[in-house]
Every structure is written in structure tokens, then in C-alpha cells.
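Beneath this line is the structure, given in C-alpha cells, with notes to follow.
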Amino acid sequence: MINLLQAAPQGSWSLFIGRFHPLLVHLPIGILIVAFILEWLSRNKRLAFLGSSVLPILIFGAVSAIAACIAGYLLSLSGGYEESALDLHMWMGIGVAVIASALCILRRYSLFRKSWLWVSAAMILMLSAAGHLGGNLTHGEDYLTAAMPFGSRKAPVATIPNIEEAKVYDQLIKPILEQKCVSCHNAGKLKGGLRLDSMVHILKGGENGPVLKETMPESSELYKRLVLSDDDDKRMPPKGKPQLSPGQVELLYWWIEQGASTTAKVKDLRKSSRIELVLEGLQPASGPGNHPFMPKEEARIASAKDIDSLEMLGVKVMPVAAGNGFVMVNAINASGFNNKNAALLLPLKSQIVWLKLSNTAVGDSAMKILAQLPELTRLSLENTAITDAGLLELAKCKQLKYLNLVGTKVSDKGLLALQKNKGLQELFVYKTGVTAAVFKAFPDVRIDTGGYLVPVLETDTMVFRKVK
């Protein structure tokens with residue numbers, strides 16, 4: 001039994017106030033730096049008048065530093081941070097607040113005037129160190145160094161010459177987690193009490209329980225949070241952080257669906273045509289095992305502007321082979337994609353090899369656009385408004401090898417229009433008007449009629465129960 005509906009966690013005043021820490025902490029940083037600069041400039045006789053403004057600025061900076069410390073302490077009670085790094089950050093923050101307060105007293109009563117600048121300099125150094133530690137706690141220890149334009153940097157993800165021999169977890173899944181997830185889920189920063197830097201910790205889960213349910217990606221938090229809307233607070237990685245590419249999300253789904261093994265190789269797991277294309281993108285375009293639905297030639301890299309025009313509609317565009325310009329286009333999150341929008345595909349006509357428009361608003365007129373895509377080899381049109389008239393247009397796609405028409409209104413008449421497409425290898429016609437009588441016209445094509453009967457197992461039953 002799986003409880004999918006759970007009561008929302010109760011909030012608290014301490015956590016609510018604590019979450020103001022990232023906002024409050026920026027006030028003393030800017031204010032105290034200004035105070036130091038004015039203190040330094042006032043040492044020049046011509047700028048001595050600036051000294052009179054330092055005390056009120058210091059007071060404001062000290063008060064905001066104290067407020068930031070209080071909020072930071074309350075936030076730390078929520079857990080999820082490495083204790084030694086958190087303690088060092090906390091005591092440095094307190095040190096900044098204490099020094100700022102001490103400077104207010106020294107200036108108010110004109111004590112130790114010669115020491116003011118040096119004490120201010122020490123405060124700024126401590127402020128910088130505290131800020132750096134805070135950044136590490138929030139974004140990971142390599143937050144600054146990962147973006148350096150020089151020196152040591154992480155090497156780009158290598159292509160895999162023989163993808164079939166690759167270990168799925170070690171070579172495909174673990175690098176994704178290290179790039180996009182581990183900065184917030186490691187020994188130094190346990191966001192949600194969860195570590196993703198080893199399989200042992202992934203299986204252990206976080207403060208809300210397991211995040212991985214083998215063979216059940218839709219019930220695994222590790223996957224579910226990746227596909228939430230951008231505005232959902234529970235989406236991972238959170239908005240503003242580097243997101244996983246559609247191909248990386250697809251790999252995680254496939255890995256979990258196939259049992260989340262730590263030892264299996266790619267060749268050991270069952271692969272759909274969809275995941276085969278994603279895997280193809282991980283090996284060199286000229287490497288062994290090129291996908292049968294991939295053009296043999298290469299294509300230039302598509303314009304970022306042309307890709308952005310599609311992605312603004314929620315359409316995903318991603319490469320299908322390393323070092324090549326061919327792309328797959330997926331409208332899974334763009335159900336409103338329609339005939340008019342189809343024109344946005346034309347600027348990418350030399351790059352699109354796979355197009356998935358399932359469950360979108362496209363119809364026959366969009367097929368006139370698709371017929372102009374010279375490299376299109378795979379087309380998915382499940383549950384769209386396409387009819388026989390649309391298939392007459394698709395007959396112009398002589399290079400088309402895979403066509404999914406499940407849930408459409410096409411019939412034998414429309415299908416016969418595809419007879420001249422000698423490259424066609426796979427057809428999916430479940431829940432259409434197509435009959436077996438037309439199959440003999442396609443002797444070399446694998447035609448899938450669906451409607452399989454699968455026995456219902458006891459483990460297939462899910463009970464939904466609201467937690468009171």
C-alpha cells in the first residue's frame with residue numbers, strides 16, 4: 001500500500017523568520033562595506049567631513065547584522081547543514097555583529113581613534129569570510145571555482161565510445177547527480193536531510209523518507225521533483241539553479257524504471273526507442289553503434305534564437321549525438337502547440353530528426369510543415385487531430401522511418417498514401433481506423449496494433465489514502 005496523499009507539513013514562526021536570513025544578510029554586507037570606505041576616505045584632510053556620516057551608517061549596519069544573526073540561527077534549527085561549517089559561519093557572523101557594535105561605541109565616545117580603521121578592516125575581512133562560508137553552505141564548496149575562466153576546472157562530460165558497455169549508474173546517473181544535485185545534497189550540506197553523493201545515501205533517503213522506489217519512477221521523489229512546474233517550491237533543482245536537460249531526466253526515469261541497479265550495464269537493460277536516442281547522444285557521432293534512425297551525414301549546430309522560440313512555448317529541444325547538430329524536439333510539456341506554432345520548426349528543418357507532438361493541438365495543416373523537414377526520421381503524433389488528409393502530406397517525407405499514429409482518426413485510405421515511403425520501418429496504429437486488410441501493402445514494415453492484455457498483479461494495485 002502506498003500513501004500518495006499526505007498532510008502538508010506544519011509551519012513554525014522560527015522557520016518563517018529564519019527564512020528571512022538570505023534577505024537580511026545582504027544589508028550588513030553592503031552597509032558595513034560603505035562604512036569602511038567612508039572611514040578610509042575620511043583620513044584624507046579634504047574628505048574629513050565624511051567621517052561624520054560613519055557612525056549612523058555603522059549603527060544601521062550593526063543592527064542589521066544582529067538581525068541577520070538571529071534569523072540565521074533560527075534557520076539553522078531546520079537542519080540540513082554540515083555542523084562544523086555551519087558553526088564556523090555562525091561564529092564569524094556573530095563576530096561581525098560584535099565588532100560593528102564595538103565600533104559604534106568607540107566612535108560614539110571617541111575612544112581609540114587611531115584604531116578605528118584597523119578594526120574596520122578586520123571587520124570587513126571577517127565579513128568576507130562569513131559570506132564565503134554562507135555561499136558554500138547554500139551553493140556548494142565549488143560555487144566560485146566552478147565558474148573560473150582560468151585554472152583548474154571540472155572537465156566536461158566525456159562521450160562514451162561504446163554506450164552498450166557503459167555502467168548505467170557509474171557512467172550515466174552518478175555524473176548527472178554530481179553536476180546538478182550534489183552541491184545541495186552532500187556531507188557538507190544536507191538539504192532535506194538527503195545526500196545524493198553515493199548510492200548508500202540515496203537508498204537511505206532524507207528527513208521525509210525514501211526518495212527512490214525501484215521500478216516506480218512516478219512514485220520516487222528523486223524523479224517526481226524533477227518534473228514539477230518551474231513555480232513549484234518543491235521542484236528540484238530549485239528555480240535559479242542549473243536544471244537537468246530533458247535527456248538527463250529521461251535517463252533518470254529509465255534507470256529507476258529498470259530497477260535502479262548499481263552494477264547493470266546499458267546492454268543489460270530493456271530500452272525503448274525513446275531512450276535509445278538519448279543514449280545515442282552520449283556517444284560520438286562517428287562512434288560505433290550509430291542509431292538506425294539517425295542520418296549518416298552531420299548537421300550544423302542550430303541557432304540558439306531558433307531553439308529559444310520553441311522553448312518559450314514549453315517545447316524541449318536537445319541534441320541526439322555529441323559533436324553533431326541533429327536534435328530531437330519534444331512537446332510533452334506544450335499541449336497547446338498548434339498548427340500555427342508548427343511554422344517555428346522550419347528554421348530547424350536541417351537539424352530535426354525526431355519530433356514528438358503527442359497530445360498536442362496539431363492537425364492536418366501542420367503536416368504541410370512537417371513534410372518540409374528533410375531529416376525527420378521519427379514522428380510521434382499520438383492523440384492528435386490528424387486525419388487521412390494529413391497522411392497525404394506526410395507521404396512527402398520519404399526519409400521517415402518511424403511513425404506513431406495511436407489514437408488518431410486515420411484509416412486504411414490514409415495509410416495507403418504512405419506506400420511510397422520505402423524507408424518506413426515501424427508504424428503504430430492502435431485505436432485508429434486502420435484494419436488488418438491494409439497490412440499486406442507494407443510487407444517490410446513492423447506494424448504495431450497495440451491492445452495487449454497484461455495480467456493484473458496484486459502489486460499493481462495502489463491504495464490512495466488521505467493521512468489525517
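Order determines the names: the first chain of the C-alpha cells is A, the second B, and so forth; residues in each chain are numbered 1 upward, and ligands are numbered 1 upward as they are shown.
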
| said: Can you tell me which residues surround stretch 26-39 of chain A at a distance of at most 10 Å, considering only C-alpha atoms, apart from same-chain residues fewer than 3 positions away, and format the answer as a PyMOL selection string? | reply: chain A and resi 21-23+42-44+47-68+96-97+100+116-121+123-124+127-128+131

| Leaving out A:Val327 and any residue of its chain fewer than 4 positions from it, which residues lie within 8 Å of it when counting only C-alpha atoms, given as a ChimeraX atom specification? | /A:317-321,351-354

Include N, CA, C and O atoms and write out the residues we just selected as a PDB file, in the first residue's frame.
ATOM      1  N   VAL A 317      14.059  21.030 -26.746  1.00  0.00           N
ATOM      2  CA  VAL A 317      14.940  20.747 -27.880  1.00  0.00           C
ATOM      3  C   VAL A 317      16.278  20.287 -27.324  1.00  0.00           C
ATOM      4  O   VAL A 317      16.891  20.993 -26.521  1.00  0.00           O
ATOM      5  N   MET A 318      16.736  19.108 -27.725  1.00  0.00           N
ATOM      6  CA  MET A 318      18.019  18.634 -27.215  1.00  0.00           C
ATOM      7  C   MET A 318      18.754  17.838 -28.279  1.00  0.00           C
ATOM      8  O   MET A 318      18.147  17.267 -29.189  1.00  0.00           O
ATOM      9  N   PRO A 319      20.093  17.812 -28.195  1.00  0.00           N
ATOM     10  CA  PRO A 319      20.896  17.106 -29.202  1.00  0.00           C
ATOM     11  C   PRO A 319      20.713  15.604 -29.112  1.00  0.00           C
ATOM     12  O   PRO A 319      20.409  15.063 -28.052  1.00  0.00           O
ATOM     13  N   VAL A 320      20.912  14.927 -30.212  1.00  0.00           N
ATOM     14  CA  VAL A 320      20.806  13.466 -30.218  1.00  0.00           C
ATOM     15  C   VAL A 320      22.157  12.798 -30.395  1.00  0.00           C
ATOM     16  O   VAL A 320      22.265  11.586 -30.283  1.00  0.00           O
ATOM     17  N   ALA A 321      23.195  13.579 -30.658  1.00  0.00           N
ATOM     18  CA  ALA A 321      24.535  12.997 -30.801  1.00  0.00           C
ATOM     19  C   ALA A 321      25.584  14.034 -30.458  1.00  0.00           C
ATOM     20  O   ALA A 321      25.464  15.192 -30.853  1.00  0.00           O
ATOM     21  N   GLN A 351      18.069  20.225 -38.854  1.00  0.00           N
ATOM     22  CA  GLN A 351      18.552  19.587 -37.628  1.00  0.00           C
ATOM     23  C   GLN A 351      17.573  18.575 -37.028  1.00  0.00           C
ATOM     24  O   GLN A 351      17.982  17.654 -36.334  1.00  0.00           O
ATOM     25  N   ILE A 352      16.276  18.742 -37.244  1.00  0.00           N
ATOM     26  CA  ILE A 352      15.281  17.891 -36.569  1.00  0.00           C
ATOM     27  C   ILE A 352      15.265  16.494 -37.182  1.00  0.00           C
ATOM     28  O   ILE A 352      14.978  16.318 -38.361  1.00  0.00           O
ATOM     29  N   VAL A 353      15.577  15.491 -36.334  1.00  0.00           N
ATOM     30  CA  VAL A 353      15.498  14.101 -36.786  1.00  0.00           C
ATOM     31  C   VAL A 353      14.391  13.341 -36.053  1.00  0.00           C
ATOM     32  O   VAL A 353      13.909  12.315 -36.534  1.00  0.00           O
ATOM     33  N   TRP A 354      14.022  13.817 -34.874  1.00  0.00           N
ATOM     34  CA  TRP A 354      12.937  13.175 -34.113  1.00  0.00           C
ATOM     35  C   TRP A 354      12.006  14.252 -33.596  1.00  0.00           C
ATOM     36  O   TRP A 354      12.440  15.240 -33.014  1.00  0.00           O
TER      37      TRP A 354
END

| When distances are computed from only C-alpha atoms, which of A:Lys180, A:Lys224, A:Arg274, A:His132 shows the smallest separation from A:Ser245? |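 Result for the nearest residue to A:Ser245: A:Lys180.
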
| said: Give me the residues near A:Ser358 as a ChimeraX atom specification, where near means some atom within 6 Å (using only C-alpha atoms) and where sequence neighbours in that chain fewer than 4 positions away do not count. | reply: /A:380-382
